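For reference, the structure is listed below as structure tokens.
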Amino acid sequence: MKITKVYTKTGDKGTTSLVGGIRIGKAGTRIEAYGTVDELNSHLGLLAAHMTAGDDRRTIEQIQSILFNVGTHLATDLSQTPLYPSARLPEDATKQLEEEIDRTLAILPEAQGFILPGGTTAAAQAHVCRSVCRRAERRVVALAAEAEVGPEIQTYLNRLSDYLFVLAKKLNFIAGECEKMWHNPCE
């Protein structure tokens, strides 16, 4: 698709158009939800840029594509506009994340306690992605309290943050980077 015009001026007064053409305010819960998913997708792009080519980077790129489906779902007021069939999550999207989590945990040493986000640049970025994903999940929960949102969206985001946590651990492990354990300085 060729982009012929980037600016439309239709949002200059604080509104935007949902899928189906309905206009709503840019400060609404729905916009916060899919805007945070978009932010997560951008952070995932940065994570992929810090990763070496291979299965993990391909998984991140696949997740980015799925997040476009999530964003389209959230940008659709289901009470007024049917969801595009192409915007549905792949049936096995959450299951694939669970399988990746299980595969990753099988190779990692068991850790005791809480870890501080960090390590390699890629691992640190995976932690940023994880925290943004948690915020996106909270925004979707807020939206679901006032509008119809498929439950698979919340489930996917919840599992995605779990995946990003173990991915950060894996990236550090593969690089031979020791994780820093949290300790309470008041103890």
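Ligands are numbered from 1 in the order shown, chains are lettered A, B, ... in the order of the structure tokens, and residues start at 1 in each chain.
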Shell of 10 Å around Ser79 in chain A, only C-alpha atoms, local chain residues under 3 positions omitted, as a PDB file with C-alpha atoms, in the first residue's frame:
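Result file is part.pdb:
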```pdb
ATOM      1  CA  THR A  76     -13.162  -1.417  16.624  1.00  0.00           C
ATOM      2  CA  PRO A  82     -18.127  -5.931  13.190  1.00  0.00           C
ATOM      3  CA  LEU A  83     -14.535  -7.015  13.620  1.00  0.00           C
ATOM      4  CA  ALA A 147     -16.921  -1.808  26.151  1.00  0.00           C
ATOM      5  CA  GLU A 148     -16.857  -5.228  24.560  1.00  0.00           C
TER       6      GLU A 148
END
```
Non-local contacts of range 103-120 of chain A (6 Å; only C-alpha atoms; under 5 positions in same chain excluded) as an MDAnalysis selection string: chainID A and resid 127 180:182
Expected file contents, prior selection, N, CA and C atoms, as a tab-separated table (two decimals), in the first residue's frame:
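Writing done, so here's selection.tsv:
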```tsv
chain	number	residue	atom	x	y	z
A	127	HIS	N	12.82	-6.26	29.09
A	127	HIS	CA	12.16	-5.86	30.34
A	127	HIS	C	11.31	-4.60	30.13
A	180	LYS	N	21.25	-9.53	38.19
A	180	LYS	CA	21.40	-8.95	39.52
A	180	LYS	C	20.12	-9.23	40.30
A	181	MET	N	20.30	-9.78	41.47
A	181	MET	CA	19.16	-10.11	42.31
A	181	MET	C	18.82	-8.90	43.18
A	182	TRP	N	17.52	-8.70	43.38
A	182	TRP	CA	17.06	-7.63	44.24
A	182	TRP	C	17.31	-8.00	45.69
```
Quick check for you: according to DSSP on this backbone, which residues of chain A are classed as strand (DSSP E)? Reply as a short mmCIF file (atom, residue, chain, number, x, y, z; two decimals) with all heavy atoms, in the first residue's frame.
```
data_model
loop_
_atom_site.label_atom_id
_atom_site.label_comp_id
_atom_site.auth_asym_id
_atom_site.auth_seq_id
_atom_site.Cartn_x
_atom_site.Cartn_y
_atom_site.Cartn_z
N THR A 15 -9.91 14.62 18.05
CA THR A 15 -10.67 13.40 17.81
C THR A 15 -9.94 12.53 16.80
O THR A 15 -9.06 13.00 16.07
CB THR A 15 -12.10 13.69 17.29
OG1 THR A 15 -12.00 14.32 16.01
CG2 THR A 15 -12.89 14.56 18.27
N THR A 16 -10.30 11.27 16.79
CA THR A 16 -9.72 10.34 15.83
C THR A 16 -10.82 9.39 15.37
O THR A 16 -11.89 9.30 15.98
CB THR A 16 -8.53 9.56 16.44
OG1 THR A 16 -7.85 8.85 15.41
CG2 THR A 16 -8.98 8.59 17.54
N SER A 17 -10.55 8.68 14.31
CA SER A 17 -11.54 7.79 13.73
C SER A 17 -11.22 6.34 14.08
O SER A 17 -10.08 5.90 13.95
CB SER A 17 -11.54 7.97 12.21
OG SER A 17 -12.54 7.17 11.61
N ARG A 23 -16.02 8.64 15.09
CA ARG A 23 -15.03 9.56 15.64
C ARG A 23 -15.21 9.64 17.15
O ARG A 23 -16.33 9.75 17.65
CB ARG A 23 -15.16 10.94 15.01
CG ARG A 23 -14.82 10.87 13.51
CD ARG A 23 -14.36 12.18 12.93
NE ARG A 23 -13.14 12.71 13.47
CZ ARG A 23 -11.91 12.34 13.07
NH1 ARG A 23 -11.75 11.41 12.16
NH2 ARG A 23 -10.84 12.93 13.58
N ILE A 24 -14.07 9.58 17.85
CA ILE A 24 -14.08 9.69 19.31
C ILE A 24 -12.90 10.55 19.75
O ILE A 24 -11.96 10.78 18.99
CB ILE A 24 -14.03 8.31 20.02
CG1 ILE A 24 -12.71 7.59 19.74
CG2 ILE A 24 -15.22 7.45 19.62
CD1 ILE A 24 -12.50 6.35 20.60
N GLY A 25 -12.95 11.00 21.00
CA GLY A 25 -11.87 11.82 21.56
C GLY A 25 -10.60 11.01 21.72
O GLY A 25 -10.62 9.84 22.08
#
```
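Across A:Leu67, A:Leu47, A:Ala93, A:Ala87, the tightest approach to Leu167 in chain A is made by A:Leu47 when counting only C-alpha atoms.
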Shell around Val132 in chain A at 12 Å using only C-alpha atoms, local window under 5 positions removed, as a ChimeraX atom specification: /A:33,35-44,125-127,137-139,157-158,160-161,164-165
Which of range 17-75 of chain A fall in helix (DSSP H, G or I), as a ChimeraX atom specification: /A:29-50,55-74
Who sits within 10 Å of Ala142 in chain A, only C-alpha atoms, same chain under 6 positions skipped, as a ChimeraX atom specification: /A:29-30,32-33,136
Write out the residues from the selection above, keeping N, CA and C atoms, as a PDB file, in the first residue's frame.
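The resulting file, part17.pdb, is shown below:
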```pdb
ATOM      1  N   THR A  29     -10.484   5.942  26.807  1.00  0.00           N
ATOM      2  CA  THR A  29      -9.958   4.658  27.263  1.00  0.00           C
ATOM      3  C   THR A  29      -9.554   3.770  26.095  1.00  0.00           C
ATOM      4  N   ARG A  30     -10.364   3.760  25.055  1.00  0.00           N
ATOM      5  CA  ARG A  30     -10.069   2.917  23.886  1.00  0.00           C
ATOM      6  C   ARG A  30      -8.759   3.356  23.226  1.00  0.00           C
ATOM      7  N   GLU A  32      -6.293   4.986  24.642  1.00  0.00           N
ATOM      8  CA  GLU A  32      -5.212   4.624  25.566  1.00  0.00           C
ATOM      9  C   GLU A  32      -4.839   3.150  25.401  1.00  0.00           C
ATOM     10  N   ALA A  33      -5.846   2.305  25.232  1.00  0.00           N
ATOM     11  CA  ALA A  33      -5.586   0.860  25.110  1.00  0.00           C
ATOM     12  C   ALA A  33      -4.812   0.557  23.831  1.00  0.00           C
ATOM     13  N   ALA A 136      -0.248  -2.068  28.883  1.00  0.00           N
ATOM     14  CA  ALA A 136      -1.244  -2.294  27.834  1.00  0.00           C
ATOM     15  C   ALA A 136      -2.357  -3.210  28.352  1.00  0.00           C
TER      16      ALA A 136
END
```
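Note that CA of Val141 in chain A and CA of Thr81 in chain A are 20.3 Å apart.
You will find CA of Val166 in chain A at 12.9 Å from CA of Val128 in chain A.
Minimum atom-to-atom distance to Ile31 in chain A, evaluated using only C-alpha atoms, belongs to A:Thr72 out of A:Gln62, A:Ser86, A:Thr4, A:Thr72.
You can rank A:Gln80, A:Thr155, A:Thr121, A:Gln96 by their closest distance to Leu46 in chain A using only C-alpha atoms, and at the top of that list sits A:Thr121.
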